[in-house]
$ cat data-v7.cif   # mmCIF, C-alpha atoms
data_input
#
loop_
_atom_site.label_atom_id
_atom_site.label_comp_id
_atom_site.auth_asym_id
_atom_site.auth_seq_id
_atom_site.Cartn_x
_atom_site.Cartn_y
_atom_site.Cartn_z
CA MET A 1 10.61 -5.55 -28.74
CA SER A 2 11.89 -8.88 -27.47
CA SER A 3 10.08 -11.93 -28.67
CA GLU A 4 10.17 -13.38 -25.17
CA VAL A 5 7.98 -10.64 -23.81
CA SER A 6 5.39 -11.00 -26.52
CA ARG A 7 5.31 -14.75 -26.09
CA ARG A 8 4.83 -14.32 -22.36
CA GLN A 9 2.03 -11.85 -22.89
CA ALA A 10 0.36 -14.13 -25.40
CA LEU A 11 0.55 -17.08 -23.03
CA GLY A 12 -0.67 -14.92 -20.15
CA LEU A 13 -3.62 -13.68 -22.16
CA GLY A 14 -4.62 -17.24 -23.00
CA ALA A 15 -4.35 -18.26 -19.36
CA GLY A 16 -6.28 -15.16 -18.37
CA ILE A 17 -9.23 -15.95 -20.63
CA LEU A 18 -9.28 -19.46 -19.21
CA ALA A 19 -9.14 -18.09 -15.67
CA ILE A 20 -12.08 -15.76 -16.32
CA ALA A 21 -14.09 -18.60 -17.79
CA VAL A 22 -13.36 -20.79 -14.75
CA ALA A 23 -13.82 -18.01 -12.18
CA GLY A 24 -17.20 -17.13 -13.67
CA ARG A 25 -18.51 -20.56 -12.74
CA ALA A 26 -16.69 -21.13 -9.46
CA GLN A 27 -18.22 -20.32 -6.08
CA PRO A 28 -17.03 -16.90 -4.83
CA ALA A 29 -15.36 -17.62 -1.48
CA GLN A 30 -12.93 -20.35 -0.63
CA ALA A 31 -11.31 -21.28 2.66
CA ALA A 32 -8.51 -18.97 3.80
CA LYS A 33 -5.05 -20.04 2.68
CA ASN A 34 -2.99 -18.01 5.06
CA ASP A 35 -3.09 -16.26 8.41
CA ALA A 36 -5.28 -13.32 7.31
CA ALA A 37 -7.92 -14.08 9.96
CA GLU A 38 -5.28 -14.23 12.73
CA LEU A 39 -3.71 -10.95 11.61
CA ILE A 40 -7.10 -9.23 11.65
CA LYS A 41 -7.92 -10.63 15.09
CA ALA A 42 -4.59 -9.40 16.51
CA PHE A 43 -4.94 -5.98 14.86
CA ALA A 44 -8.53 -5.57 16.10
CA GLY A 45 -7.50 -6.50 19.66
CA GLY A 46 -10.18 -9.18 19.89
CA LYS A 47 -13.00 -6.87 18.80
CA GLU A 48 -15.34 -7.73 15.97
CA PRO A 49 -14.74 -5.06 13.29
CA ALA A 50 -17.90 -3.24 12.12
CA ARG A 51 -18.47 -3.35 8.37
CA SER A 52 -18.72 0.42 8.03
CA LYS A 53 -16.77 3.63 7.38
CA VAL A 54 -13.96 1.91 5.42
CA LYS A 55 -13.86 2.22 1.63
CA LEU A 56 -11.60 -0.03 -0.40
CA ASP A 57 -11.08 0.81 -4.07
CA LEU A 58 -9.68 -1.99 -6.20
CA PRO A 59 -10.38 -3.14 -9.73
CA GLU A 60 -12.97 -5.93 -10.17
CA ILE A 61 -10.54 -7.69 -12.46
CA ALA A 62 -6.77 -7.22 -12.26
CA GLU A 63 -5.11 -8.25 -15.49
CA ASN A 64 -1.68 -8.13 -13.92
CA GLY A 65 -1.43 -9.32 -10.31
CA ASN A 66 2.06 -7.83 -10.04
CA THR A 67 0.76 -4.31 -9.70
CA VAL A 68 -2.83 -3.73 -8.65
CA PRO A 69 -3.75 -0.14 -7.73
CA MET A 70 -5.44 0.09 -4.33
CA THR A 71 -6.93 3.06 -2.48
CA VAL A 72 -8.21 2.77 1.04
CA SER A 73 -10.05 5.52 2.88
CA VAL A 74 -11.96 5.86 6.13
CA GLU A 75 -14.69 8.32 7.08
CA SER A 76 -13.34 10.37 9.94
CA PRO A 77 -13.14 14.05 10.96
CA MET A 78 -9.38 13.52 11.59
CA THR A 79 -9.26 15.89 14.56
CA PRO A 80 -7.15 15.28 17.68
CA GLN A 81 -10.43 14.18 19.37
CA SER A 82 -11.45 11.71 16.67
CA TYR A 83 -9.11 10.24 14.07
CA VAL A 84 -7.99 7.06 12.38
CA THR A 85 -4.72 5.77 13.81
CA ASP A 86 -3.95 2.81 11.51
CA ILE A 87 -5.30 0.91 8.53
CA MET A 88 -4.07 -2.64 7.93
CA VAL A 89 -4.54 -4.30 4.54
CA VAL A 90 -4.37 -8.09 4.15
CA ALA A 91 -4.93 -10.45 1.22
CA ASP A 92 -6.36 -13.89 2.02
CA GLY A 93 -4.99 -15.75 -1.03
CA ASN A 94 -1.35 -14.62 -1.11
CA PRO A 95 1.48 -16.82 0.26
CA ARG A 96 1.61 -14.33 3.16
CA ALA A 97 -1.45 -12.39 4.25
CA GLY A 98 0.14 -9.06 5.19
CA VAL A 99 0.21 -6.35 2.53
CA VAL A 100 0.70 -2.96 4.15
CA THR A 101 -0.25 -1.03 7.30
CA PHE A 102 -0.69 2.74 7.10
CA HIS A 103 -0.32 4.97 10.15
CA PHE A 104 -2.08 8.32 10.29
CA THR A 105 -2.06 11.36 12.57
CA PRO A 106 -4.67 14.10 13.09
CA ALA A 107 -2.48 16.23 10.79
CA SER A 108 -3.30 13.82 7.96
CA GLY A 109 -6.55 15.74 7.47
CA VAL A 110 -8.05 12.78 5.67
CA ALA A 111 -7.51 9.05 6.24
CA GLU A 112 -6.71 7.98 2.71
CA ALA A 113 -3.77 6.26 1.05
CA ASN A 114 -3.00 4.63 -2.27
CA THR A 115 -0.38 2.10 -3.26
CA ARG A 116 0.12 -0.75 -5.72
CA ILE A 117 -0.03 -4.32 -4.48
CA ARG A 118 0.74 -7.88 -5.60
CA LEU A 119 -2.01 -10.49 -5.74
CA ALA A 120 -1.01 -14.09 -6.45
CA GLU A 121 -4.48 -15.15 -7.59
CA THR A 122 -8.17 -14.31 -7.33
CA GLN A 123 -8.85 -13.52 -3.68
CA ASN A 124 -10.30 -11.15 -1.09
CA VAL A 125 -8.48 -8.01 -0.02
CA ILE A 126 -9.48 -6.82 3.46
CA ALA A 127 -8.84 -3.42 5.05
CA VAL A 128 -9.24 -2.96 8.81
CA ALA A 129 -9.12 0.50 10.41
CA ARG A 130 -8.44 1.35 14.05
CA MET A 131 -9.72 4.64 15.50
CA ASN A 132 -8.19 6.56 18.40
CA ASP A 133 -11.27 5.67 20.51
CA GLY A 134 -10.48 1.97 20.05
CA SER A 135 -13.30 1.16 17.63
CA VAL A 136 -12.49 -1.06 14.65
CA HIS A 137 -14.02 -1.00 11.17
CA MET A 138 -13.43 -3.02 8.03
CA ALA A 139 -14.24 -3.54 4.37
CA SER A 140 -13.33 -6.27 1.91
CA LYS A 141 -13.34 -6.70 -1.82
CA GLU A 142 -12.81 -9.66 -4.11
CA VAL A 143 -10.37 -9.11 -6.96
CA LYS A 144 -10.24 -11.51 -9.90
CA VAL A 145 -6.63 -11.90 -11.01
CA THR A 146 -5.85 -13.09 -14.52
CA ILE A 147 -2.03 -13.19 -14.28
CA GLY A 148 -0.75 -13.90 -10.78
CA GLY A 149 1.74 -11.58 -9.12
CA CYS A 150 4.11 -14.02 -7.46
CA GLY A 151 5.60 -15.91 -10.38
CA GLY A 152 9.27 -15.96 -11.12
CA MET B 153 26.12 1.32 -4.71
CA SER B 154 24.38 4.39 -5.98
CA GLN B 155 21.15 5.19 -4.23
CA PRO B 156 18.04 5.43 -6.36
CA LYS B 157 16.63 8.93 -6.45
CA PRO B 158 13.05 8.94 -5.18
CA ARG B 159 10.43 10.86 -7.10
CA ILE B 160 8.13 13.05 -5.01
CA ARG B 161 5.32 15.24 -6.25
CA LEU B 162 3.21 17.60 -4.15
CA ASP B 163 0.08 19.01 -5.77
CA LYS B 164 1.05 22.36 -4.23
CA LYS B 165 4.06 23.61 -2.29
CA GLU B 166 2.39 26.83 -1.22
CA ALA B 167 -0.88 26.35 0.57
CA LYS B 168 -3.34 28.20 2.74
CA LYS B 169 -3.70 26.96 6.30
CA GLY B 170 -6.23 24.15 6.36
CA ASP B 171 -5.79 23.13 2.71
CA LEU B 172 -5.20 19.49 1.90
CA ILE B 173 -1.89 18.78 0.15
CA GLU B 174 -1.65 15.60 -1.90
CA VAL B 175 1.71 13.79 -1.99
CA LYS B 176 2.77 11.14 -4.52
CA THR B 177 6.01 9.24 -4.05
CA LEU B 178 7.82 6.58 -6.05
CA VAL B 179 11.16 4.96 -5.42
CA SER B 180 12.99 2.46 -7.63
CA HIS B 181 13.36 -0.84 -5.80
CA VAL B 182 13.13 -4.49 -6.84
CA MET B 183 10.97 -5.47 -3.80
CA GLU B 184 12.20 -9.06 -4.06
CA SER B 185 9.49 -10.99 -2.21
CA GLY B 186 11.52 -13.95 -0.96
CA GLN B 187 8.93 -16.23 -2.57
CA ARG B 188 10.59 -16.59 -5.97
CA ARG B 189 13.16 -19.14 -7.08
CA ASP B 190 16.01 -18.71 -9.55
CA SER B 191 16.59 -21.03 -12.51
CA ALA B 192 18.56 -23.44 -10.27
CA GLY B 193 15.59 -23.74 -7.90
CA ASN B 194 17.12 -21.74 -5.06
CA VAL B 195 14.96 -19.24 -3.22
CA ILE B 196 15.93 -15.68 -4.11
CA PRO B 197 16.42 -13.95 -0.72
CA ARG B 198 13.88 -11.36 0.32
CA LYS B 199 14.96 -7.74 -0.16
CA ILE B 200 12.27 -5.12 0.20
CA ILE B 201 11.62 -1.63 1.47
CA ASN B 202 9.92 -2.50 4.76
CA LYS B 203 9.13 0.98 6.10
CA PHE B 204 8.20 4.35 4.65
CA THR B 205 7.90 7.38 6.91
CA VAL B 206 7.04 11.03 6.40
CA GLU B 207 7.75 13.71 8.99
CA LEU B 208 6.94 17.41 8.98
CA ASN B 209 9.42 19.49 11.00
CA GLY B 210 10.47 16.33 12.84
CA LYS B 211 6.93 15.28 13.80
CA PRO B 212 5.39 12.08 12.38
CA LEU B 213 2.79 12.73 9.68
CA PHE B 214 2.27 9.45 7.82
CA SER B 215 3.99 6.09 7.66
CA ALA B 216 3.58 2.62 6.23
CA ASP B 217 4.79 -0.82 7.35
CA ILE B 218 5.41 -2.69 4.13
CA GLU B 219 5.23 -6.41 3.32
CA PRO B 220 6.47 -8.20 0.20
CA ALA B 221 2.96 -7.89 -1.25
CA VAL B 222 3.67 -4.27 -2.18
CA SER B 223 4.68 -4.01 -5.84
CA ALA B 224 8.18 -3.32 -7.16
CA ASN B 225 9.09 0.38 -7.29
CA PRO B 226 6.77 1.11 -4.38
CA TYR B 227 4.36 3.97 -4.93
CA PHE B 228 2.52 5.78 -2.15
CA GLN B 229 -0.04 8.51 -2.35
CA PHE B 230 -1.51 10.26 0.67
CA LYS B 231 -2.75 13.65 1.83
CA PHE B 232 -2.22 15.93 4.78
CA ARG B 233 -3.67 19.16 6.12
CA ALA B 234 -1.42 22.20 5.77
CA GLU B 235 -0.94 23.65 9.23
CA GLU B 236 2.61 25.02 9.26
CA SER B 237 5.46 25.82 6.89
CA GLY B 238 8.50 23.64 7.03
CA THR B 239 10.35 20.62 5.74
CA LEU B 240 8.83 17.28 4.85
CA LYS B 241 11.29 14.47 5.37
CA PHE B 242 10.71 11.20 3.51
CA THR B 243 12.55 8.01 4.50
CA TRP B 244 12.46 4.56 2.90
CA VAL B 245 14.11 1.76 4.93
CA ASP B 246 15.55 -1.30 3.17
CA ASP B 247 15.72 -4.82 4.70
CA ASP B 248 19.53 -4.40 4.76
CA GLY B 249 19.16 -1.34 7.01
CA SER B 250 20.11 1.21 4.36
CA LYS B 251 17.90 4.27 3.96
CA ILE B 252 16.80 6.38 1.05
CA GLU B 253 16.01 9.92 2.16
CA ALA B 254 14.55 13.01 0.56
CA GLU B 255 13.16 16.38 1.62
CA GLU B 256 10.62 18.87 0.30
CA LYS B 257 9.84 22.37 1.57
CA ILE B 258 6.31 23.68 1.94
CA THR B 259 5.05 27.18 2.68
CA VAL B 260 1.76 27.63 4.50
CA SER B 261 0.18 31.07 4.79
#

$ encode --input "data-v7.cif" --output "structure tokens"
Amino acid sequence: MSSEVSRRQALGLGAGILAIAVAGRAQPAQAAKNDAAELIKAFAGGKEPARSKVKLDLPEIAENGNTVPMTVSVESPMTPQSYVTDIMVVADGNPRAGVVTFHFTPASGVAEANTRIRLAETQNVIAVARMNDGSVHMASKEVKVTIGGCGG
Amino acid sequence: MSQPKPRIRLDKKEAKKGDLIEVKTLVSHVMESGQRRDSAGNVIPRKIINKFTVELNGKPLFSADIEPAVSANPYFQFKFRAEESGTLKFTWVDDDGSKIEAEEKITVS
């Protein structure tokens, strides 16, 4: 409708193609830009999270970093004896690492939640889950972002 | 200021005990991150929904602590196990302390 929107989209698309071309060649992991590692350490209470049980569903490539669908789930019977208490999600390339922390109860039945998140650029999203027995599990996924979600 | 009306959808409002009920919620909110600048170069102050809670008959069921990295018009989807009939209470808390609230009834047989 408005010419401004179409111009923006056209520019974004051009930048996106460039970003894909560059990202394809670049090495996958870069040094952390924010306090993601500290947040994980504090959340895990000093434990080393096991890379198991947590499933993080995100697109390989997010065309629009302003709204990236994310589902996180954890294998658990979700009974009063054994359940997931919290899942923290952080993003290591955003201006601030914190994204969202979900809190569950045995009445949840299943430890699964979905929301839509902002990603400023290509980066790793990390989910860390705490169980009622104190064990900590995690999963991470790299998302390539073509149009960053923090512009203004 | 008129409060935005949240949208809530349950995949079923009548369930058998033990069934999983899926809940989808959406509320209109700018979720201003506090990272953006206006045309004069001034930082636009942060204004987000920072907490979302769901209670069943007054007992906590699900909640989320929310950072600016959650998209505008925050959407949440989650499930719970139907154990008792009653009222689900949904609350969204704004940085300014205001709350958006909604309720849904469920029947469990």

$ closest_atom_pairs --input "data-v7.cif" --of "chain B" --to "chain A" --cutoff "6 Å" --atoms "all atoms listed in the file" --output "tab-separated table"
residue	atom	partner	partner_atom	distance
B:Arg188	CA	A:Gly152	CA	5.4
B:Leu213	CA	A:Thr105	CA	5.8
B:Phe214	CA	A:Phe104	CA	5.1
B:Ser215	CA	A:His103	CA	5.1
B:Ala216	CA	A:Phe102	CA	4.4
B:Asp217	CA	A:Thr101	CA	5.0
B:Ile218	CA	A:Val100	CA	4.7
B:Glu219	CA	A:Val99	CA	5.1
B:Ala221	CA	A:Arg118	CA	4.9
B:Val222	CA	A:Ile117	CA	4.4
B:Ser223	CA	A:Ile117	CA	4.9
B:Tyr227	CA	A:Thr115	CA	5.4
B:Phe228	CA	A:Thr115	CA	4.8
B:Gln229	CA	A:Asn114	CA	4.9
B:Phe230	CA	A:Ala113	CA	4.6
B:Phe232	CA	A:Ser108	CA	4.0
B:Arg233	CA	A:Gly109	CA	4.7

$ residues_near_point --input "data-v7.cif" --point "(-13.1, -2.4, -5.9)" --cutoff "9 Å" --atoms "all atoms listed in the file" --output "PyMOL selection string"
chain A and resi 55-61+70-71+140-143

$ residues_around --input "data-v7.cif" --residues "range 237-247 of chain B" --least-positions-apart "6" --cutoff "8 Å" --atoms "only C-alpha atoms" --output "list in words"
Lys199, Ile200, Ile201, Asn202, Lys203, Phe204, Thr205, Val206, Glu207, Leu208, Asn209, Gly210, Glu253, Ala254, Glu255, Glu256, Lys257, Ile258, Thr259, Val260 and Ser261 of chain B

$ closest_residue --input "data-v7.cif" --among "A:Ser76, A:Asn34, A:Thr146, A:Ser135" --to "Lys53 in chain A" --atoms "only C-alpha atoms"
A:Ser76

$ atom_distance --input "data-v7.cif" --atom1 "CA of Arg189 in chain B" --atom2 "CA of Asn225 in chain B"
19.9 Å

$ decode --input "data-v7.cif" --residues "range 83-103 of chain A" --atoms "C-alpha atoms" --output "compact mmCIF listing (two decimals), in the first residue's frame"
# COMPACT_ATOMS: atom_id res chain seq x y z
CA TYR A 83 8.86 -32.23 36.79
CA VAL A 84 10.45 -29.28 35.06
CA THR A 85 10.30 -26.14 37.20
CA ASP A 86 11.71 -23.49 34.83
CA ILE A 87 13.09 -23.03 31.34
CA MET A 88 15.24 -19.97 30.62
CA VAL A 89 15.87 -18.86 27.04
CA VAL A 90 18.79 -16.57 26.16
CA ALA A 91 20.18 -15.23 22.89
CA ASP A 92 23.94 -14.64 22.71
CA GLY A 93 23.94 -11.97 19.97
CA ASN A 94 21.19 -9.60 21.15
CA PRO A 95 22.00 -6.32 22.97
CA ARG A 96 20.71 -8.08 26.10
CA ALA A 97 20.93 -11.84 26.50
CA GLY A 98 17.66 -12.53 28.35
CA VAL A 99 14.65 -13.50 26.26
CA VAL A 100 12.08 -15.25 28.44
CA THR A 101 11.86 -17.63 31.40
CA PHE A 102 8.91 -20.02 31.64
CA HIS A 103 7.76 -21.47 34.95
